[in-house]
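Student: Dropping in run-v8.tsv, with TSV, C-alpha atoms and all ligand atoms.
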chain	number	residue	atom	x	y	z
D	1	MET	CA	-12.99	-2.23	-15.77
D	2	ASN	CA	-11.12	-3.40	-18.89
D	3	GLY	CA	-8.17	-5.22	-17.46
D	4	PHE	CA	-7.67	-7.92	-14.92
D	5	ALA	CA	-7.06	-5.97	-11.72
D	6	ILE	CA	-5.72	-7.46	-8.52
D	7	ALA	CA	-6.22	-5.40	-5.34
D	8	ILE	CA	-3.78	-5.98	-2.48
D	9	ASP	CA	-4.47	-4.04	0.71
D	10	GLY	CA	-3.13	-4.17	4.24
D	11	PRO	CA	-1.36	-2.24	6.99
D	12	ALA	CA	2.18	-0.86	6.95
D	13	ALA	CA	4.99	-3.42	6.61
D	14	ALA	CA	2.69	-6.45	6.25
D	15	GLY	CA	4.61	-7.60	3.17
D	16	LYS	CA	2.24	-6.12	0.56
D	17	GLY	CA	5.03	-4.56	-1.47
D	18	THR	CA	7.13	-7.71	-1.80
D	19	LEU	CA	4.05	-9.85	-2.39
D	20	SER	CA	2.61	-7.46	-4.99
D	21	LYS	CA	5.85	-7.27	-6.96
D	22	ALA	CA	6.18	-11.07	-6.96
D	23	VAL	CA	2.54	-11.57	-8.00
D	24	ALA	CA	2.86	-8.98	-10.79
D	25	ALA	CA	6.06	-10.63	-12.06
D	26	HIS	CA	4.43	-14.09	-11.92
D	27	PHE	CA	1.46	-13.06	-14.05
D	28	GLY	CA	3.30	-10.49	-16.22
D	29	PHE	CA	1.07	-7.69	-14.91
D	30	ALA	CA	2.01	-4.06	-14.27
D	31	HIS	CA	2.37	-3.06	-10.60
D	32	LEU	CA	1.47	0.20	-8.84
D	33	ASP	CA	2.48	0.82	-5.23
D	34	THR	CA	-0.20	3.39	-4.42
D	35	GLY	CA	1.52	4.27	-1.12
D	36	LEU	CA	4.09	6.07	-3.28
D	37	LEU	CA	1.43	8.55	-4.41
D	38	TYR	CA	0.72	9.50	-0.80
D	39	ARG	CA	4.43	9.47	0.05
D	40	ALA	CA	5.17	11.81	-2.87
D	41	VAL	CA	2.47	14.21	-1.65
D	42	GLY	CA	3.67	13.86	1.95
D	43	ALA	CA	7.26	14.59	0.90
D	44	LYS	CA	6.15	17.82	-0.79
D	45	THR	CA	4.33	18.96	2.34
D	46	LEU	CA	7.59	18.52	4.28
D	47	LEU	CA	9.02	21.10	1.85
D	48	GLY	CA	6.17	23.48	2.65
D	49	VAL	CA	3.75	22.75	-0.20
D	50	GLU	CA	0.07	22.68	0.73
D	51	PRO	CA	-1.22	19.03	0.61
D	52	ILE	CA	-4.18	19.45	-1.76
D	53	GLU	CA	-2.08	21.58	-4.11
D	54	ALA	CA	0.66	18.92	-4.03
D	55	ALA	CA	-1.84	16.14	-4.81
D	56	LEU	CA	-3.41	18.05	-7.71
D	57	ALA	CA	0.02	18.80	-9.21
D	58	LEU	CA	1.38	15.24	-8.83
D	59	VAL	CA	2.98	13.73	-11.95
D	60	ALA	CA	4.23	10.17	-12.53
D	61	GLU	CA	7.90	11.26	-12.29
D	62	ASP	CA	7.30	12.35	-8.67
D	63	LEU	CA	7.00	8.66	-7.77
D	64	ASP	CA	10.68	8.18	-8.64
D	65	ALA	CA	11.86	10.92	-6.27
D	66	GLU	CA	14.65	10.07	-3.83
D	67	GLY	CA	13.89	9.64	-0.15
D	68	LEU	CA	10.24	8.54	-0.31
D	69	ARG	CA	10.96	5.48	1.89
D	70	THR	CA	11.99	7.31	5.06
D	71	PRO	CA	9.96	7.13	8.32
D	72	ASP	CA	9.32	10.92	8.22
D	73	VAL	CA	7.83	10.70	4.75
D	74	ALA	CA	5.74	7.65	5.78
D	75	GLN	CA	4.18	9.64	8.63
D	76	ALA	CA	3.64	12.67	6.36
D	77	ALA	CA	1.96	10.34	3.82
D	78	SER	CA	-0.35	8.94	6.47
D	79	ARG	CA	-1.25	12.49	7.55
D	80	VAL	CA	-2.10	13.79	4.05
D	81	ALA	CA	-4.02	10.56	3.38
D	82	VAL	CA	-6.79	11.61	5.82
D	83	ILE	CA	-7.65	14.65	3.65
D	84	PRO	CA	-10.60	13.78	1.35
D	85	GLN	CA	-9.51	16.22	-1.41
D	86	VAL	CA	-6.05	14.66	-1.47
D	87	ARG	CA	-7.54	11.18	-1.90
D	88	ALA	CA	-9.97	12.44	-4.57
D	89	ALA	CA	-7.13	14.00	-6.57
D	90	LEU	CA	-5.37	10.61	-6.77
D	91	VAL	CA	-8.34	8.43	-7.79
D	92	ASP	CA	-8.25	8.84	-11.59
D	93	PHE	CA	-4.57	7.96	-11.89
D	94	GLN	CA	-5.10	4.76	-9.89
D	95	ARG	CA	-8.25	3.71	-11.78
D	96	ALA	CA	-6.60	4.32	-15.16
D	97	PHE	CA	-3.71	2.13	-14.05
D	98	ALA	CA	-6.09	-0.61	-12.89
D	99	ALA	CA	-7.88	-0.61	-16.25
D	100	ARG	CA	-4.76	-1.34	-18.37
D	101	SER	CA	-5.40	-4.11	-20.80
D	102	GLY	CA	-2.40	-6.23	-19.80
D	103	GLY	CA	-3.51	-6.70	-16.20
D	104	ALA	CA	-2.54	-4.73	-13.11
D	105	VAL	CA	-1.68	-5.27	-9.47
D	106	LEU	CA	-2.32	-2.31	-7.17
D	107	ASP	CA	-1.33	-2.33	-3.53
D	108	GLY	CA	-2.44	0.10	-0.85
D	109	ARG	CA	-5.10	0.59	1.81
D	110	ASP	CA	-8.36	1.19	-0.07
D	111	ILE	CA	-7.86	-0.55	-3.41
D	112	GLY	CA	-10.45	-3.30	-2.88
D	113	THR	CA	-12.90	-1.03	-1.07
D	114	VAL	CA	-12.77	2.28	-3.00
D	115	ILE	CA	-10.41	2.39	-5.98
D	116	CYS	CA	-11.24	-0.98	-7.59
D	117	PRO	CA	-14.41	-2.36	-5.99
D	118	ASP	CA	-14.72	-4.59	-9.12
D	119	ALA	CA	-11.21	-6.02	-8.91
D	120	ARG	CA	-11.14	-9.66	-10.02
D	121	VAL	CA	-9.17	-10.68	-6.96
D	122	LYS	CA	-8.83	-8.88	-3.61
D	123	LEU	CA	-6.24	-9.85	-1.05
D	124	PHE	CA	-5.88	-8.40	2.44
D	125	VAL	CA	-2.34	-8.97	3.65
D	126	THR	CA	-1.68	-8.59	7.33
D	127	ALA	CA	0.67	-9.59	10.18
D	128	SER	CA	0.90	-8.77	13.87
D	129	PRO	CA	2.18	-5.22	14.69
D	130	GLU	CA	5.27	-6.71	16.38
D	131	VAL	CA	6.20	-8.81	13.36
D	132	ARG	CA	5.62	-5.86	11.02
D	133	ALA	CA	7.68	-3.52	13.19
D	134	GLU	CA	10.55	-6.02	13.39
D	135	ARG	CA	10.61	-6.40	9.59
D	136	ARG	CA	10.56	-2.65	9.08
D	137	PHE	CA	13.25	-2.19	11.75
D	138	LEU	CA	15.59	-4.66	10.00
D	139	GLU	CA	14.92	-2.98	6.64
D	140	LEU	CA	15.67	0.52	7.99
D	141	ASN	CA	18.64	-0.70	10.00
D	142	ALA	CA	20.19	-2.28	6.89
D	143	LYS	CA	19.91	1.12	5.18
D	144	GLY	CA	21.73	2.77	8.09
D	145	ASP	CA	18.64	4.47	9.54
D	146	PRO	CA	19.24	5.13	13.27
D	147	SER	CA	15.62	4.41	14.41
D	148	THR	CA	15.34	2.03	17.39
D	149	ARG	CA	13.00	-1.00	17.56
D	150	ALA	CA	10.73	0.85	19.99
D	151	GLU	CA	10.53	3.89	17.69
D	152	VAL	CA	9.69	1.76	14.68
D	153	LEU	CA	6.94	-0.09	16.62
D	154	ALA	CA	5.48	3.22	17.81
D	155	ASP	CA	5.58	4.51	14.23
D	156	VAL	CA	3.80	1.42	12.88
D	157	GLN	CA	1.12	1.66	15.59
D	158	ALA	CA	0.57	5.39	14.97
D	159	ARG	CA	0.16	4.78	11.23
D	160	ASP	CA	-2.16	1.81	11.81
D	161	ALA	CA	-4.37	3.94	14.05
D	162	ARG	CA	-4.49	6.88	11.64
D	163	ASP	CA	-5.04	4.67	8.56
D	164	MET	CA	-7.81	2.60	10.20
D	165	GLU	CA	-9.63	5.35	12.05
D	166	ARG	CA	-9.88	7.96	9.30
D	167	VAL	CA	-13.36	8.73	8.00
D	168	GLU	CA	-12.46	8.70	4.30
D	169	ALA	CA	-11.51	5.30	2.84
D	170	PRO	CA	-10.22	3.76	6.09
D	171	LEU	CA	-8.00	0.70	5.96
D	172	LYS	CA	-10.21	-2.38	6.18
D	173	PRO	CA	-10.64	-5.61	4.24
D	174	ALA	CA	-13.24	-5.53	1.45
D	175	GLN	CA	-16.08	-7.92	2.17
D	176	ASP	CA	-14.92	-10.22	-0.62
D	177	ALA	CA	-11.20	-10.01	0.19
D	178	VAL	CA	-9.18	-13.13	0.96
D	179	LEU	CA	-7.05	-12.71	4.08
D	180	ILE	CA	-3.35	-13.68	4.08
D	181	ASP	CA	-1.63	-13.45	7.48
D	182	THR	CA	2.11	-13.36	6.84
D	183	SER	CA	3.17	-13.40	10.53
D	184	ASP	CA	4.40	-16.99	10.31
D	185	LEU	CA	4.88	-17.29	6.55
D	186	SER	CA	8.07	-17.03	4.52
D	187	ILE	CA	7.91	-14.71	1.51
D	188	GLU	CA	7.89	-17.76	-0.76
D	189	ASP	CA	4.91	-19.30	1.07
D	190	ALA	CA	2.98	-16.02	1.05
D	191	VAL	CA	3.57	-15.62	-2.69
D	192	ALA	CA	2.54	-19.24	-3.31
D	193	GLN	CA	-0.72	-18.67	-1.38
D	194	ALA	CA	-1.47	-15.49	-3.31
D	195	VAL	CA	-0.73	-17.09	-6.67
D	196	ALA	CA	-2.97	-20.07	-5.85
D	197	ILE	CA	-5.87	-17.77	-4.88
D	198	ILE	CA	-5.46	-15.71	-8.07
D	199	GLU	CA	-5.17	-18.76	-10.28
D	200	ALA	CA	-8.38	-20.16	-8.84
D	201	ARG	CA	-10.13	-16.93	-9.92
D	202	THR	CA	-8.45	-16.86	-13.33
D	203	ASN	CA	-9.81	-20.31	-13.96
D	204	GLY	CA	-13.30	-19.11	-13.19
D	205	GLY	CA	-13.25	-20.28	-9.55
U	301	LIG	O1	1.97	1.62	1.79
U	301	LIG	P1	2.80	2.77	2.36
U	301	LIG	O2	3.38	2.45	3.70
U	301	LIG	O3	3.83	3.26	1.40
U	301	LIG	O4	1.75	3.99	2.55
U	301	LIG	C1	2.09	5.23	3.14
U	301	LIG	C2	0.84	5.89	3.68
U	301	LIG	O5	0.00	6.29	2.60
U	301	LIG	C3	-0.04	5.02	4.56
U	301	LIG	O6	0.32	5.11	5.93
U	301	LIG	C4	-1.44	5.54	4.31
U	301	LIG	C5	-1.37	6.12	2.92
U	301	LIG	N1	-2.02	5.29	1.89
U	301	LIG	C6	-3.40	5.38	1.76
U	301	LIG	O7	-4.04	6.09	2.54
U	301	LIG	N2	-4.05	4.71	0.77
U	301	LIG	C7	-3.37	3.92	-0.08
U	301	LIG	N3	-4.02	3.28	-1.05
U	301	LIG	C8	-1.96	3.78	0.06
U	301	LIG	C9	-1.31	4.46	1.07
Starting from the coordinates I provided, produce the structure as structure tokens.
Ligand code: DC
Tutor:
Amino acid sequence: MNGFAIAIDGPAAAGKGTLSKAVAAHFGFAHLDTGLLYRAVGAKTLLGVEPIEAALALVAEDLDAEGLRTPDVAQAASRVAVIPQVRAALVDFQRAFAARSGGAVLDGRDIGTVICPDARVKLFVTASPEVRAERRFLELNAKGDPSTRAEVLADVQARDARDMERVEAPLKPAQDAVLIDTSDLSIEDAVAQAVAIIEARTNGG
């Protein structure tokens, strides 16, 4: 690996996205939300495209498509993500991104375990299912989504189960990942923890 890659994994709505963006901005690194790749493929399957075909045909512009953040697309993403050929089709794009010379932050489910096993720093960001569901509920509610709290919790639990129990690249912390539990942390505190861990590595720690 050429660049300085930071792998940030964890379950749905644990705060990975916010944390990854803040960490990337702090260090001046590029950021890739790898969930968007699976969401873009999932969104195409909702339009009737076959999942492996959709993954093979994926282009960077697809990541900017409207509507990738809806609960339906999240579930579709989690469903296509169990298909080994879909995952295989998305590996090169992610590894090329990780190898950029200016440094890269990738967040997802299997970055530290499969995509970038040599990442300089691996973080596993988690929080209790109830806390994650409440955060996601507030986010969706603010956007006018009619989902109830109970529906959002059921959604989070279904995705957790599918993402953790799949055979190919299941969600789990890499052996050398540092755990950050954001259940009782503010965003600022979580970012400060992450930055401190990364700085310790940057300085040869
Ligand atoms: O991070 P997210 O919620 O946008 O991810 C959507 C789904 O995509 C997630 O439920 C599982 C899948 N995914 C994956 O399997 N591997 C990744 N590296 C990122 C996401």
Student: Just the residues within 10 Å of range 27-33 of chain D, please, counting only C-alpha atoms, with nothing from its chain fewer than 3 positions along; format it as a ChimeraX atom specification.
Tutor: /D:3-6,8,16-17,20-24,36-38,63,94,97-98,100-108,195,198-199
Student: Of the residues D:Ala177, D:Val156, D:Leu56, D:Leu46, which is the one nearest to ligand LIG 301 (chain U), using only C-alpha atoms and all ligand atoms?
Tutor: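 The closest residue to ligand LIG 301 (chain U) is D:Val156.
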Student: Write out as a tab-separated table the residues of chain D that have any atom within 6 Å of an atom of ligand LIG 301 (chain U), one row each with the nearest atom pair and its distance in Å to one decimal, counting only C-alpha atoms and all ligand atoms, sorted by chain and then rising number.
Tutor:
residue	atom	partner	partner_atom	distance
D:Ala12	CA	U:LIG301	O2	4.8
D:Thr34	CA	U:LIG301	C8	4.8
D:Gly35	CA	U:LIG301	O3	3.6
D:Leu36	CA	U:LIG301	O3	5.5
D:Tyr38	CA	U:LIG301	O5	4.7
D:Arg39	CA	U:LIG301	C1	5.7
D:Ala74	CA	U:LIG301	C1	5.1
D:Ala77	CA	U:LIG301	C2	4.6
D:Ser78	CA	U:LIG301	O6	3.9
D:Ala81	CA	U:LIG301	O7	4.5
D:Gly108	CA	U:LIG301	N3	3.6
D:Arg109	CA	U:LIG301	N3	4.1
D:Asp110	CA	U:LIG301	N3	4.9
D:Ile111	CA	U:LIG301	N3	5.9
D:Arg159	CA	U:LIG301	O6	5.3
D:Asp163	CA	U:LIG301	C4	5.6
Student: Just give me the gap between CA of Thr126 in chain D and CA of Ser183 in chain D in Å, one decimal is fine.
Tutor: 7.5 Å
Student: Between D:Leu138, D:Ser147, D:Val125, D:Pro170, which one has atoms that come closest to Thr18 in chain D, using all atoms listed in the file?
Tutor: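 When distances to Thr18 in chain D are compared using all atoms listed in the file, the smallest one comes from D:Val125.
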Student: Separation of CA of Asp176 in chain D and CA of Met164 in chain D, in Å?
Tutor: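 Separation between CA of Asp176 in chain D and CA of Met164 in chain D: 18.2 Å.
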Student: Choose the residue, out of D:Val178, D:Val191, D:Glu165, D:Arg132, that has the smallest atom-to-atom separation from Ala25 in chain D; count all atoms listed in the file.
Tutor: D:Val191
Student: Could you give me, as a ChimeraX atom specification, the residues within 7 Å of Arg95 in chain D, counting only C-alpha atoms and dropping anything in the same chain fewer than 4 positions from it?
Tutor: /D:91,99,115-116
Student: Mind checking which residues fall within 12 Å of Lys44 in chain D, counting only C-alpha atoms, ignoring those fewer than 6 positions away in the same chain, and posting them as a list in words?
Tutor: Leu37, Tyr38, Glu50, Pro51, Ile52, Glu53, Ala54, Ala55, Leu56, Ala57, Leu58, Asp62, Leu63, Ala65, Glu66, Gly67, Leu68, Asp72, Val73, Ala76, Ala77 and Val80 of chain D
Student: Give me, please, the distance in Å between CA of Asp184 in chain D and CA of Gly144 in chain D, quoted to one decimal.
Tutor: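 Between CA of Asp184 in chain D and CA of Gly144 in chain D the gap is 26.4 Å.
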Student: Under the rule that only C-alpha atoms are counted, which of D:Pro129, D:Phe93, D:Ala88, D:Gly15 is the nearest residue to Ala161 in chain D?
Tutor: D:Pro129
Student: Between D:Val49, D:Leu19, D:Pro11, D:Lys122, which has the minimum distance to Gln157 in chain D (counting all atoms listed in the file)?
Tutor: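 So, comparing all the options, the nearest one is D:Pro11.
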Student: Select, from D:Leu90, D:Ala7, D:Ile187, D:Pro71, the residue with the minimum atom-to-atom distance to Asn141 in chain D, counting only C-alpha atoms.
Tutor: D:Pro71
